>>> print(open('data13.cif').read())   # mmCIF, C-alpha atoms
data_data
#
loop_
_atom_site.label_atom_id
_atom_site.label_comp_id
_atom_site.auth_asym_id
_atom_site.auth_seq_id
_atom_site.Cartn_x
_atom_site.Cartn_y
_atom_site.Cartn_z
CA MET K 177 -9.93 23.57 53.92
CA GLY K 178 -10.10 19.77 54.21
CA SER K 179 -11.60 17.51 51.61
CA ALA K 180 -15.26 16.63 52.02
CA ILE K 181 -15.70 14.65 48.80
CA HIS K 182 -13.00 12.90 46.83
CA LEU K 183 -14.20 10.66 44.00
CA ARG K 184 -12.01 8.94 41.43
CA SER K 185 -13.48 6.99 38.50
CA ALA K 186 -16.53 6.38 40.67
CA MET K 187 -19.06 4.09 39.08
CA ALA K 188 -22.50 3.05 40.34
CA LEU K 189 -25.32 1.01 38.95
CA LEU K 190 -29.09 1.42 39.17
CA GLY K 191 -30.09 -2.14 38.44
CA ARG K 192 -28.04 -2.82 35.33
CA PHE K 193 -28.01 0.81 34.23
CA PRO K 194 -24.73 2.66 34.83
CA ALA K 195 -25.91 5.71 36.75
CA LEU K 196 -22.35 6.89 37.34
CA ALA K 197 -19.82 5.96 34.68
CA GLY K 198 -16.52 7.17 36.08
CA VAL K 199 -16.86 10.39 38.05
CA ASP K 200 -13.89 12.37 39.35
CA LEU K 201 -14.86 15.10 41.77
CA ASP K 202 -13.37 16.98 44.68
CA VAL K 203 -15.28 19.21 47.03
CA SER K 204 -13.65 20.94 49.97
CA GLN K 205 -15.13 22.02 53.27
CA GLY K 206 -16.66 25.47 52.96
CA GLU K 207 -17.34 25.11 49.22
CA ILE K 208 -20.72 25.27 47.52
CA VAL K 209 -20.60 23.28 44.30
CA LEU K 210 -23.39 23.15 41.76
CA VAL K 211 -23.97 19.99 39.72
CA GLU K 212 -25.87 20.69 36.56
CA GLY K 213 -26.89 18.49 33.69
CA PRO K 214 -29.88 17.23 31.73
CA ASN K 215 -32.53 14.95 33.16
CA GLY K 216 -31.19 11.46 33.73
CA ALA K 217 -27.59 12.64 33.57
CA GLY K 218 -26.74 11.20 36.99
CA LYS K 219 -27.08 14.22 39.29
CA THR K 220 -29.28 12.48 41.83
CA SER K 221 -27.19 9.31 41.64
CA LEU K 222 -24.06 11.35 42.32
CA LEU K 223 -25.64 12.89 45.42
CA ARG K 224 -26.91 9.52 46.65
CA ALA K 225 -23.51 7.93 46.08
CA CYS K 226 -21.84 10.70 48.08
CA ALA K 227 -24.34 10.07 50.89
CA GLY K 228 -23.55 6.36 50.85
CA LEU K 229 -27.12 5.63 49.78
CA LEU K 230 -25.95 4.25 46.41
CA ARG K 231 -23.04 1.83 46.47
CA LEU K 232 -20.05 2.37 44.23
CA SER K 233 -19.61 -0.55 41.87
CA ALA K 234 -16.09 0.48 40.86
CA GLY K 235 -13.63 3.28 41.37
CA SER K 236 -12.92 4.94 44.68
CA GLY K 237 -14.52 7.55 46.83
CA THR K 238 -13.92 9.14 50.19
CA VAL K 239 -16.58 11.29 51.85
CA LEU K 240 -15.82 12.97 55.17
CA GLY K 241 -12.96 10.53 55.57
CA VAL K 242 -15.06 7.43 55.01
CA ASP K 243 -14.13 5.06 52.17
CA LEU K 244 -17.29 4.56 50.08
CA SER K 245 -15.77 1.74 48.05
CA LYS K 246 -15.75 -0.40 51.21
CA GLY K 247 -19.46 0.23 51.72
CA GLY K 248 -18.93 2.81 54.47
CA ARG K 249 -21.53 5.40 55.35
CA PRO K 250 -20.15 8.81 56.26
CA ARG K 251 -21.47 10.46 59.41
CA GLY K 252 -22.55 14.07 59.30
CA VAL K 253 -24.13 14.03 55.83
CA GLY K 254 -27.44 15.80 55.35
CA PHE K 255 -29.44 14.85 52.26
CA LEU K 256 -32.47 16.60 50.86
CA GLY K 257 -33.74 14.71 47.84
CA HIS K 258 -36.91 15.01 45.81
CA SER K 259 -38.61 13.57 48.89
CA ALA K 260 -37.96 15.42 52.11
CA GLY K 261 -38.17 12.33 54.32
CA LEU K 262 -41.07 13.66 56.37
CA TYR K 263 -43.97 12.02 58.18
CA ASP K 264 -47.26 13.36 56.86
CA ASP K 265 -49.18 12.96 60.11
CA LEU K 266 -46.69 14.92 62.19
CA ASN K 267 -46.44 18.67 62.12
CA PRO K 268 -43.29 20.44 60.89
CA ARG K 269 -41.97 21.05 64.40
CA GLU K 270 -42.39 17.39 65.36
CA ASN K 271 -40.67 16.29 62.15
CA VAL K 272 -37.68 18.55 62.76
CA GLU K 273 -37.51 17.56 66.43
CA PHE K 274 -37.55 13.89 65.48
CA ARG K 275 -34.69 14.41 63.03
CA ALA K 276 -32.71 16.22 65.71
CA ARG K 277 -33.28 13.41 68.21
CA LEU K 278 -32.18 10.84 65.62
CA TRP K 279 -28.92 12.72 65.26
CA GLY K 280 -28.58 12.89 69.04
CA ILE K 281 -29.05 16.65 69.07
CA PRO K 282 -31.31 18.49 71.53
CA PRO K 283 -34.47 19.43 69.59
CA ALA K 284 -34.73 22.87 71.16
CA GLY K 285 -33.71 24.62 67.95
CA ALA K 286 -36.54 23.19 65.85
CA ALA K 287 -38.87 26.18 66.10
CA ALA K 288 -36.07 28.62 65.33
CA ALA K 289 -34.94 26.55 62.33
CA LEU K 290 -38.47 26.54 60.96
CA GLU K 291 -38.77 30.28 61.43
CA ARG K 292 -35.47 30.68 59.65
CA VAL K 293 -36.92 29.05 56.52
CA GLY K 294 -40.14 31.03 56.74
CA LEU K 295 -42.44 28.60 58.50
CA GLU K 296 -43.78 30.48 61.47
CA GLY K 297 -46.65 30.30 63.90
CA ARG K 298 -49.64 28.37 62.63
CA LEU K 299 -47.67 26.57 59.92
CA GLN K 300 -45.54 24.85 62.55
CA ASN K 301 -48.58 23.16 64.02
CA VAL K 302 -50.48 21.82 61.01
CA THR K 303 -49.64 18.36 59.73
CA VAL K 304 -47.08 18.13 56.96
CA ALA K 305 -49.75 16.54 54.77
CA GLN K 306 -51.50 19.92 54.70
CA LEU K 307 -48.45 21.79 53.41
CA SER K 308 -47.63 22.66 49.81
CA ALA K 309 -44.67 21.07 48.04
CA GLY K 310 -42.60 24.20 48.60
CA GLN K 311 -43.44 24.30 52.29
CA ARG K 312 -42.50 20.64 52.62
CA ARG K 313 -39.10 21.42 51.14
CA ARG K 314 -38.71 24.20 53.67
CA VAL K 315 -39.39 21.71 56.45
CA GLY K 316 -36.79 19.38 54.96
CA LEU K 317 -34.33 22.26 54.86
CA ALA K 318 -35.10 23.19 58.47
CA ALA K 319 -34.48 19.58 59.47
CA LEU K 320 -31.04 19.82 57.87
CA ALA K 321 -30.34 23.21 59.41
CA VAL K 322 -31.08 21.96 62.90
CA VAL K 323 -28.66 19.03 62.70
CA ARG K 324 -25.92 21.14 61.05
CA PRO K 325 -24.35 18.49 58.81
CA ARG K 326 -20.74 18.79 57.68
CA LEU K 327 -21.79 17.92 54.14
CA TRP K 328 -25.07 19.05 52.59
CA LEU K 329 -26.32 17.15 49.56
CA LEU K 330 -29.28 18.92 47.98
CA ASP K 331 -31.26 17.74 44.98
CA GLU K 332 -33.10 20.60 43.29
CA PRO K 333 -33.41 22.54 46.55
CA HIS K 334 -34.95 25.59 44.85
CA ALA K 335 -37.72 23.63 43.14
CA GLY K 336 -41.17 24.79 44.19
CA LEU K 337 -39.87 27.67 46.32
CA ASP K 338 -41.08 31.23 45.98
CA ALA K 339 -38.71 34.18 45.83
CA SER K 340 -38.55 34.77 49.57
CA ALA K 341 -37.99 31.09 50.28
CA ARG K 342 -35.15 31.05 47.74
CA GLU K 343 -33.55 33.98 49.56
CA GLN K 344 -33.90 32.16 52.86
CA LEU K 345 -32.45 28.98 51.38
CA ASP K 346 -29.47 30.89 49.97
CA SER K 347 -28.95 32.55 53.32
CA VAL K 348 -29.01 29.21 55.18
CA LEU K 349 -26.59 27.66 52.69
CA GLY K 350 -24.25 30.64 52.78
CA GLU K 351 -24.16 30.53 56.55
CA ALA K 352 -23.49 26.78 56.58
CA ALA K 353 -20.63 27.16 54.10
CA ALA K 354 -19.19 30.01 56.13
CA GLU K 355 -19.17 27.68 59.12
CA GLY K 356 -17.13 25.19 57.09
CA ALA K 357 -19.78 22.85 55.72
CA ALA K 358 -19.37 21.55 52.18
CA ILE K 359 -22.44 21.80 49.96
CA LEU K 360 -23.07 19.88 46.76
CA LEU K 361 -26.32 20.80 45.10
CA ALA K 362 -27.94 19.62 41.90
CA SER K 363 -30.12 22.10 40.10
CA HIS K 364 -31.47 23.13 36.74
CA GLU K 365 -32.03 26.65 37.99
CA ILE K 366 -28.56 27.99 37.38
CA GLU K 367 -29.70 31.61 37.35
CA HIS K 368 -30.92 31.25 40.92
CA VAL K 369 -27.98 29.41 42.39
CA GLY K 370 -25.17 30.92 40.34
CA ARG K 371 -24.56 33.74 42.79
CA ILE K 372 -24.06 31.52 45.83
CA VAL K 373 -21.97 28.68 44.40
CA SER K 374 -18.19 28.56 44.43
CA ARG K 375 -18.09 26.65 41.17
CA SER K 376 -20.15 24.29 39.11
CA VAL K 377 -19.64 21.03 37.30
CA CYS K 378 -21.66 19.47 34.51
CA ILE K 379 -22.59 15.84 34.51
CA ASP K 380 -23.84 13.96 31.48
CA ARG K 381 -24.47 10.26 31.04
CA GLY K 382 -22.92 9.56 34.42
CA ARG K 383 -19.68 11.46 33.82
CA ILE K 384 -18.43 14.86 34.81
CA ALA K 385 -18.44 16.45 31.36
CA LEU K 386 -17.23 20.01 31.80
CA GLU K 387 -17.12 22.92 34.17
CA PRO K 388 -18.55 26.28 33.19
CA ALA K 389 -15.64 28.70 33.19
CA GLU K 390 -17.49 31.69 34.65
CA LEU K 391 -18.14 29.91 37.94
CA THR K 392 -15.02 27.83 38.25
CA THR K 393 -12.63 28.58 41.06
CA ASP K 394 -11.11 25.15 41.38
CA SER K 395 -10.27 22.26 39.13
CA VAL K 396 -12.51 19.31 38.45
CA HIS K 397 -11.08 16.20 36.91
CA VAL K 398 -12.73 15.10 33.71
CA ALA K 399 -13.26 11.38 33.63
CA MET D 77 -29.40 2.07 71.62
CA LEU D 78 -32.38 2.07 73.97
CA ARG D 79 -32.66 5.85 73.74
CA GLU D 80 -32.75 5.64 69.95
CA ALA D 81 -35.29 2.81 70.06
CA TYR D 82 -37.44 4.94 72.33
CA VAL D 83 -37.23 7.90 69.92
CA VAL D 84 -38.33 5.70 66.99
CA ALA D 85 -41.13 4.05 68.98
CA ALA D 86 -42.41 7.38 70.28
CA LYS D 87 -42.47 8.74 66.74
CA ASP D 88 -44.40 5.76 65.38
CA LEU D 89 -46.93 5.93 68.20
CA ARG D 90 -47.36 9.66 67.74
CA VAL D 91 -47.95 9.18 64.02
CA GLU D 92 -50.55 6.51 64.77
CA ALA D 93 -52.22 8.69 67.37
CA ARG D 94 -52.41 11.54 64.86
CA SER D 95 -53.52 9.50 61.88
CA HIS D 96 -56.24 7.64 63.79
CA VAL D 97 -55.64 4.66 61.47
CA ALA D 98 -55.26 2.25 64.38
CA ARG D 99 -58.37 3.57 66.15
CA THR D 100 -60.60 4.02 63.13
CA GLN D 101 -59.46 1.17 60.90
CA VAL D 102 -57.28 -1.47 62.56
CA VAL D 103 -59.26 -1.97 65.78
CA PRO D 104 -62.66 -1.82 64.01
CA PHE D 105 -61.35 -4.33 61.45
CA ALA D 106 -60.42 -6.71 64.28
CA LEU D 107 -63.79 -6.26 65.97
CA VAL D 108 -65.64 -6.83 62.69
CA VAL D 109 -63.77 -10.11 62.21
CA VAL D 110 -64.75 -11.23 65.73
CA VAL D 111 -68.37 -10.30 65.08
CA LEU D 112 -68.33 -12.17 61.76
CA PHE D 113 -66.96 -15.27 63.48
CA GLY D 114 -69.79 -14.87 65.97
CA LEU D 115 -72.38 -14.66 63.22
CA ALA D 116 -70.94 -17.69 61.45
CA LEU D 117 -70.93 -19.85 64.61
CA ASP D 118 -73.80 -18.27 66.53
CA PRO D 119 -76.16 -21.25 66.54
CA ASP D 120 -73.67 -23.13 68.67
CA ARG D 121 -72.86 -20.88 71.63
CA GLY D 122 -70.74 -23.62 73.22
CA LEU D 123 -68.59 -23.98 70.15
CA LEU D 124 -68.15 -20.21 70.02
CA THR D 125 -66.95 -20.13 73.62
CA ARG D 126 -64.59 -23.05 73.07
CA ALA D 127 -63.21 -21.51 69.89
CA ALA D 128 -62.89 -18.00 71.36
CA PRO D 129 -59.13 -18.08 72.09
CA GLY D 130 -58.30 -19.40 68.63
CA LEU D 131 -60.62 -16.95 66.91
CA LEU D 132 -59.14 -14.09 68.93
CA TRP D 133 -55.55 -14.90 67.99
CA VAL D 134 -56.37 -15.55 64.33
CA THR D 135 -57.89 -12.08 64.33
CA VAL D 136 -54.78 -10.64 66.00
CA LEU D 137 -52.68 -12.33 63.32
CA LEU D 138 -54.70 -10.72 60.55
CA THR D 139 -54.47 -7.40 62.33
CA THR D 140 -50.70 -7.81 62.60
CA LEU D 141 -50.51 -7.89 58.81
CA LEU D 142 -52.37 -4.60 58.53
CA ALA D 143 -50.33 -2.93 61.24
CA THR D 144 -47.04 -4.21 59.81
CA GLN D 145 -47.83 -2.82 56.37
CA ARG D 146 -48.76 0.47 57.94
CA SER D 147 -45.56 0.59 60.00
CA LEU D 148 -43.45 0.03 56.87
CA ALA D 149 -45.41 2.52 54.81
CA LEU D 150 -44.49 5.26 57.28
CA GLU D 151 -40.84 4.95 56.35
CA SER D 152 -41.23 4.44 52.63
CA ALA D 153 -43.89 7.09 51.90
CA ASP D 154 -41.55 10.10 51.68
CA ARG D 155 -38.28 8.15 51.71
CA ALA D 156 -37.96 8.77 55.44
CA VAL D 157 -35.95 5.55 55.50
CA ASP D 158 -33.06 7.45 53.85
CA GLN D 159 -33.01 9.85 56.77
CA LEU D 160 -32.96 6.95 59.23
CA ARG D 161 -29.97 5.51 57.39
CA LEU D 162 -28.11 8.82 57.26
CA SER D 163 -28.71 9.69 60.88
CA GLY D 164 -26.24 7.10 62.07
CA VAL D 165 -28.85 5.48 64.30
CA ASP D 166 -28.12 1.84 65.08
CA PRO D 167 -30.43 -0.20 62.80
CA ALA D 168 -31.07 -2.51 65.74
CA ALA D 169 -32.57 0.47 67.57
CA VAL D 170 -34.83 1.19 64.60
CA PHE D 171 -35.92 -2.43 64.60
CA LEU D 172 -36.62 -2.52 68.33
CA GLY D 173 -38.36 0.86 68.26
CA LYS D 174 -40.66 -0.04 65.42
CA ALA D 175 -41.40 -3.45 66.91
CA ALA D 176 -42.15 -1.88 70.31
CA ALA D 177 -44.61 0.57 68.76
CA LEU D 178 -46.26 -2.21 66.80
CA SER D 179 -46.45 -4.39 69.90
CA ILE D 180 -48.19 -1.65 71.88
CA GLN D 181 -50.76 -1.23 69.11
CA LEU D 182 -51.37 -4.97 69.00
CA LEU D 183 -51.81 -5.03 72.77
CA LEU D 184 -54.55 -2.45 72.43
CA VAL D 185 -56.18 -4.62 69.77
CA VAL D 186 -55.95 -7.70 72.02
CA SER D 187 -57.52 -5.72 74.86
CA ALA D 188 -60.42 -4.65 72.65
CA LEU D 189 -60.83 -8.17 71.32
CA ALA D 190 -60.71 -9.72 74.79
CA LEU D 191 -63.56 -7.45 75.77
CA GLY D 192 -65.33 -8.47 72.56
CA VAL D 193 -65.06 -12.21 73.16
CA VAL D 194 -66.23 -11.81 76.75
CA VAL D 195 -69.30 -9.88 75.62
CA LEU D 196 -70.07 -11.71 72.39
CA TYR D 197 -68.83 -15.22 73.07
CA GLY D 198 -69.39 -15.38 76.82
CA ALA D 199 -65.76 -16.21 77.61
CA VAL D 200 -64.59 -15.92 81.23
CA LEU D 201 -61.12 -14.49 81.98
CA ALA D 202 -60.30 -17.00 84.71
CA SER D 203 -56.53 -16.59 84.99
CA PRO D 204 -55.63 -12.94 84.36
CA LEU D 205 -51.89 -13.31 85.02
CA LEU D 206 -51.54 -16.07 82.43
CA LEU D 207 -53.64 -14.12 79.94
CA VAL D 208 -51.65 -10.93 80.38
CA ALA D 209 -48.25 -12.66 80.26
CA SER D 210 -49.11 -14.61 77.13
CA ALA D 211 -50.65 -11.55 75.47
CA LEU D 212 -47.54 -9.46 76.17
CA LEU D 213 -45.22 -12.12 74.78
CA ALA D 214 -47.41 -13.02 71.81
CA THR D 215 -47.83 -9.42 70.69
CA ALA D 216 -44.09 -8.83 71.14
CA GLY D 217 -43.33 -11.92 69.07
CA LEU D 218 -45.78 -10.93 66.35
CA ALA D 219 -44.39 -7.41 66.25
CA LEU D 220 -40.78 -8.59 66.05
CA ALA D 221 -41.49 -11.13 63.31
CA GLY D 222 -43.73 -8.70 61.42
CA THR D 223 -41.13 -5.93 61.53
CA LEU D 224 -38.34 -8.28 60.46
CA TYR D 225 -40.18 -9.89 57.56
CA GLY D 226 -41.73 -6.60 56.59
CA ALA D 227 -38.21 -5.26 56.15
CA VAL D 228 -37.32 -8.30 54.05
CA ALA D 229 -40.10 -7.37 51.62
CA ALA D 230 -39.74 -3.59 51.94
CA GLY D 231 -37.57 -3.10 48.87
CA LEU D 232 -39.81 -5.16 46.60
CA ARG D 233 -42.64 -3.92 44.42
CA VAL D 234 -44.81 -6.85 45.51
CA ARG D 235 -44.40 -6.20 49.23
CA GLU D 236 -48.12 -5.75 49.94
CA THR D 237 -48.86 -9.29 48.85
CA LEU D 238 -45.57 -10.81 49.90
CA VAL D 239 -45.68 -9.75 53.56
CA PRO D 240 -48.66 -12.00 54.44
CA LEU D 241 -47.05 -14.89 52.61
CA LEU D 242 -43.83 -14.44 54.57
CA VAL D 243 -45.26 -13.60 57.98
CA LEU D 244 -48.19 -15.97 58.40
CA PRO D 245 -46.27 -19.27 58.27
CA VAL D 246 -43.52 -17.91 60.49
CA VAL D 247 -45.85 -16.78 63.27
CA ALA D 248 -47.69 -20.12 63.46
CA PRO D 249 -45.92 -20.93 66.78
CA VAL D 250 -47.32 -17.70 68.24
CA LEU D 251 -50.81 -18.64 67.14
CA LEU D 252 -50.39 -22.06 68.69
CA GLY D 253 -48.78 -20.89 71.92
CA ALA D 254 -51.06 -17.93 72.52
CA THR D 255 -54.20 -19.93 71.74
CA ARG D 256 -53.24 -22.77 74.10
CA ALA D 257 -52.25 -20.35 76.84
CA TRP D 258 -55.52 -18.45 76.47
CA GLU D 259 -57.53 -21.69 76.46
CA ALA D 260 -56.00 -22.37 79.87
CA GLY D 261 -56.46 -18.74 80.87
CA VAL D 262 -60.20 -18.77 80.19
CA GLY D 263 -60.62 -22.13 81.88
CA LEU D 264 -61.23 -24.21 78.76
CA ALA D 265 -58.16 -26.42 79.06
CA VAL D 266 -57.37 -28.79 81.86
CA SER D 267 -53.62 -28.57 81.18
CA ASP D 268 -51.33 -25.85 82.44
CA GLY D 269 -50.91 -22.86 80.12
CA TRP D 270 -47.46 -21.82 81.30
CA PRO D 271 -45.46 -24.27 79.08
CA TRP D 272 -46.99 -22.42 76.12
CA VAL D 273 -45.81 -19.17 77.59
CA ARG D 274 -42.28 -20.60 77.48
CA LEU D 275 -42.77 -21.26 73.76
CA LEU D 276 -43.74 -17.61 73.34
CA VAL D 277 -40.65 -16.53 75.28
CA ALA D 278 -38.44 -18.62 73.00
CA PHE D 279 -40.09 -17.21 69.87
CA THR D 280 -39.71 -13.65 71.10
CA VAL D 281 -36.05 -14.12 71.99
CA VAL D 282 -35.23 -15.80 68.67
CA PHE D 283 -36.92 -13.15 66.53
CA GLY D 284 -35.65 -10.33 68.70
CA ALA D 285 -32.08 -11.55 68.24
CA ALA D 286 -32.57 -12.21 64.53
CA GLY D 287 -33.98 -8.75 63.98
CA VAL D 288 -31.20 -7.03 65.92
CA LEU D 289 -28.61 -8.85 63.81
CA ALA D 290 -30.31 -8.69 60.41
CA PHE D 291 -32.12 -5.36 60.36
CA GLY D 292 -29.04 -3.35 59.34
CA PRO D 293 -28.53 -5.09 55.98
CA LEU D 294 -32.29 -5.17 55.42
CA LEU D 295 -32.59 -1.44 56.05
CA GLU D 296 -29.90 -0.86 53.43
CA GLU D 297 -31.98 -2.67 50.83
CA ALA D 298 -35.26 -0.99 51.77
#
>>> encode(input="data13.cif", output="structure tokens")
Amino acid sequence: MGSAIHLRSAMALLGRFPALAGVDLDVSQGEIVLVEGPNGAGKTSLLRACAGLLRLSAGSGTVLGVDLSKGGRPRGVGFLGHSAGLYDDLNPRENVEFRARLWGIPPAGAAAALERVGLEGRLQNVTVAQLSAGQRRRVGLAALAVVRPRLWLLDEPHAGLDASAREQLDSVLGEAAAEGAAILLASHEIEHVGRIVSRSVCIDRGRIALEPAELTTDSVHVA
Amino acid sequence: MLREAYVVAAKDLRVEARSHVARTQVVPFALVVVVLFGLALDPDRGLLTRAAPGLLWVTVLLTTLLATQRSLALESADRAVDQLRLSGVDPAAVFLGKAAALSIQLLLVVSALALGVVVLYGAVLASPLLLVASALLATAGLALAGTLYGAVAAGLRVRETLVPLLVLPVVAPVLLGATRAWEAGVGLAVSDGWPWVRLLVAFTVVFGAAGVLAFGPLLEEA
């Protein structure tokens, strides 16, 4: 499998605060990698840096063949952060269709993608503002599923989801990985994601600190 | 790029249609301002009629500030701007799409206000072609400048107060050009209104080009 993420001594700043302090990380296509760590450790910053939404201040990084250190933005990256990037006054179907059109993809699969994450019938036609936090995350997930990114970057994707939604999320992620997509997800809920990830890495104070042995199938460089 | 601009504009207009903010807040705000001007100047009906074009475009300017803030808030509310950036859409298309949607909303406001000044101030729409051409260009210019300067302030905590400070001085040529053109259009000015339309064309072209070139870096900082 080809490399999706290749970071070496990657550093990034949030203002003057070093959010990433020298991260080495490799993720291959088809892999699901969990990033765990305490609050403020740099998980979200790592995901945003991989998406090209946070510039590297030092070190090097290549994501989907694009050099991040030169300020490039990789194409084909789907990002689901704490905010799902939705428009409150549109309904879920319209939000997903808009995302598809942005990516230049026919929006015909929007309804099916929403059904896949458990949003069926009436829920597709109410405004997003009327949905619960968990349902909003499902819409964000459906928006990713419909554009089929080559790299999925997910920040606490299980947060606020009920048991059936977690199953659906795992199913969507497993299918995407089987199709060759790389998935990097940050989560505190290791017991929920442990069974779907290929391996996990720990990040602390902006550095990859260790990798839990029971999940590891590949090597991660310790900065 | 035009397809992408259309997608962004259609989304913004759909959001506005759903939210009813333009219909229930922005347009009523503009009409209230016109009525207040009327109350303030009512004793002198002649003055009111003479001042109608200027009062109308000052009101449109104030409305532009509201609509610009609203347009920016759509993208920042749930970090939708990140999805725009990741989608690979040309930032110029985002700029043109958002400006087009804003321009259409402002045109609706101008239409409502024109009706208002005819009814309340007794203005006569003597030269419809000049009025329509100048309204189209002025609203386009306001939308382009508002979108561009709104993006300048988007990444700042003080954006709500900074946007008026940035936008109002910049759009002074639009206020001047549109007011003079409308004075001619309602038969108040002896001079020809079309030279002012050329000023509006120049403004629109300059801010359209500036936005197309600058919106990418601005979107990155938003």
>>> interface_residues(input="data13.cif", of="chain D", to="chain K", cutoff="9 Å", atoms="only C-alpha atoms", output="compact mmCIF listing (two decimals) with C-alpha atoms, keeping the file's coordinate frame")
# COMPACT_ATOMS: atom_id res chain seq x y z
CA GLU D 80 -32.75 5.64 69.95
CA VAL D 83 -37.23 7.90 69.92
CA VAL D 84 -38.33 5.70 66.99
CA LYS D 87 -42.47 8.74 66.74
CA ARG D 90 -47.36 9.66 67.74
CA VAL D 91 -47.95 9.18 64.02
CA GLU D 92 -50.55 6.51 64.77
CA ALA D 93 -52.22 8.69 67.37
CA ARG D 94 -52.41 11.54 64.86
CA SER D 95 -53.52 9.50 61.88
CA LEU D 150 -44.49 5.26 57.28
CA GLU D 151 -40.84 4.95 56.35
CA SER D 152 -41.23 4.44 52.63
CA ALA D 153 -43.89 7.09 51.90
CA ASP D 154 -41.55 10.10 51.68
CA ARG D 155 -38.28 8.15 51.71
CA ALA D 156 -37.96 8.77 55.44
CA VAL D 157 -35.95 5.55 55.50
CA ASP D 158 -33.06 7.45 53.85
CA GLN D 159 -33.01 9.85 56.77
CA LEU D 160 -32.96 6.95 59.23
CA ARG D 161 -29.97 5.51 57.39
CA LEU D 162 -28.11 8.82 57.26
CA SER D 163 -28.71 9.69 60.88
CA GLY D 164 -26.24 7.10 62.07
CA VAL D 165 -28.85 5.48 64.30
CA GLU D 296 -29.90 -0.86 53.43
>>> atom_distance(input="data13.cif", atom1="CA of Leu141 in chain D", atom2="CA of Gly263 in chain D")
28.9 Å
>>> closest_residue(input="data13.cif", among="K:Ser221, K:Glu365, K:Arg231, K:Ala286", to="Glu297 in chain D", atoms="all atoms listed in the file")
K:Arg231
>>> residues_around(input="data13.cif", residues="Ser233 in chain K", least_positions_apart="2", cutoff="8 Å", atoms="all atoms listed in the file", output="PyMOL selection string")
chain K and resi 186-189+231+235+245
>>> resolve_selection(input="data13.cif", expression="the PyMOL selection byres ((chain K and resi 310) around 12)", output="PyMOL selection string")
chain K and resi 258-260+293-295+304+306-309+311-317+332-342+345
>>> write_last_selection(input="data13.cif", atoms="C-alpha atoms", output="tab-separated table (two decimals), in the frame of the given file")
chain	number	residue	atom	x	y	z
K	258	HIS	CA	-36.91	15.01	45.81
K	259	SER	CA	-38.61	13.57	48.89
K	260	ALA	CA	-37.96	15.42	52.11
K	293	VAL	CA	-36.92	29.05	56.52
K	294	GLY	CA	-40.14	31.03	56.74
K	295	LEU	CA	-42.44	28.60	58.50
K	304	VAL	CA	-47.08	18.13	56.96
K	306	GLN	CA	-51.50	19.92	54.70
K	307	LEU	CA	-48.45	21.79	53.41
K	308	SER	CA	-47.63	22.66	49.81
K	309	ALA	CA	-44.67	21.07	48.04
K	311	GLN	CA	-43.44	24.30	52.29
K	312	ARG	CA	-42.50	20.64	52.62
K	313	ARG	CA	-39.10	21.42	51.14
K	314	ARG	CA	-38.71	24.20	53.67
K	315	VAL	CA	-39.39	21.71	56.45
K	316	GLY	CA	-36.79	19.38	54.96
K	317	LEU	CA	-34.33	22.26	54.86
K	332	GLU	CA	-33.10	20.60	43.29
K	333	PRO	CA	-33.41	22.54	46.55
K	334	HIS	CA	-34.95	25.59	44.85
K	335	ALA	CA	-37.72	23.63	43.14
K	336	GLY	CA	-41.17	24.79	44.19
K	337	LEU	CA	-39.87	27.67	46.32
K	338	ASP	CA	-41.08	31.23	45.98
K	339	ALA	CA	-38.71	34.18	45.83
K	340	SER	CA	-38.55	34.77	49.57
K	341	ALA	CA	-37.99	31.09	50.28
K	342	ARG	CA	-35.15	31.05	47.74
K	345	LEU	CA	-32.45	28.98	51.38
>>> atom_distance(input="data13.cif", atom1="CA of Thr238 in chain K", atom2="CA of Val209 in chain K")
16.7 Å
>>> residues_around(input="data13.cif", residues="range 178-195 of chain D", least_positions_apart="5", cutoff="6 Å", atoms="all atoms listed in the file", output="VMD selection string")
chain D and resid 103 215 to 216 219
>>> write_last_selection(input="data13.cif", atoms="C-alpha atoms", output="mmCIF file, keeping the file's coordinate frame")
data_model
loop_
_atom_site.group_PDB
_atom_site.id
_atom_site.type_symbol
_atom_site.label_atom_id
_atom_site.label_comp_id
_atom_site.auth_asym_id
_atom_site.auth_seq_id
_atom_site.Cartn_x
_atom_site.Cartn_y
_atom_site.Cartn_z
ATOM 1 C CA VAL D 103 -59.260 -1.970 65.780
ATOM 2 C CA THR D 215 -47.830 -9.420 70.690
ATOM 3 C CA ALA D 216 -44.090 -8.830 71.140
ATOM 4 C CA ALA D 219 -44.390 -7.410 66.250
#
>>> residues_near_point(input="data13.cif", point="(-25.8, 1.2, 66.8)", cutoff="10 Å", atoms="only C-alpha atoms", output="MDAnalysis selection string")
chainID D and resid 77:78 80 164:170 288 292
>>> resolve_selection(input="data13.cif", expression="the PyMOL selection byres ((chain D and resi 201) around 9)", output="ChimeraX atom specification")
/D:190,194,199-200,202-204,207,258,261-263
>>> write_last_selection(input="data13.cif", atoms="C-alpha atoms", output="mmCIF file, keeping the file's coordinate frame")
data_model
loop_
_atom_site.group_PDB
_atom_site.id
_atom_site.type_symbol
_atom_site.label_atom_id
_atom_site.label_comp_id
_atom_site.auth_asym_id
_atom_site.auth_seq_id
_atom_site.Cartn_x
_atom_site.Cartn_y
_atom_site.Cartn_z
ATOM 1 C CA ALA D 190 -60.710 -9.720 74.790
ATOM 2 C CA VAL D 194 -66.230 -11.810 76.750
ATOM 3 C CA ALA D 199 -65.760 -16.210 77.610
ATOM 4 C CA VAL D 200 -64.590 -15.920 81.230
ATOM 5 C CA ALA D 202 -60.300 -17.000 84.710
ATOM 6 C CA SER D 203 -56.530 -16.590 84.990
ATOM 7 C CA PRO D 204 -55.630 -12.940 84.360
ATOM 8 C CA LEU D 207 -53.640 -14.120 79.940
ATOM 9 C CA TRP D 258 -55.520 -18.450 76.470
ATOM 10 C CA GLY D 261 -56.460 -18.740 80.870
ATOM 11 C CA VAL D 262 -60.200 -18.770 80.190
ATOM 12 C CA GLY D 263 -60.620 -22.130 81.880
#
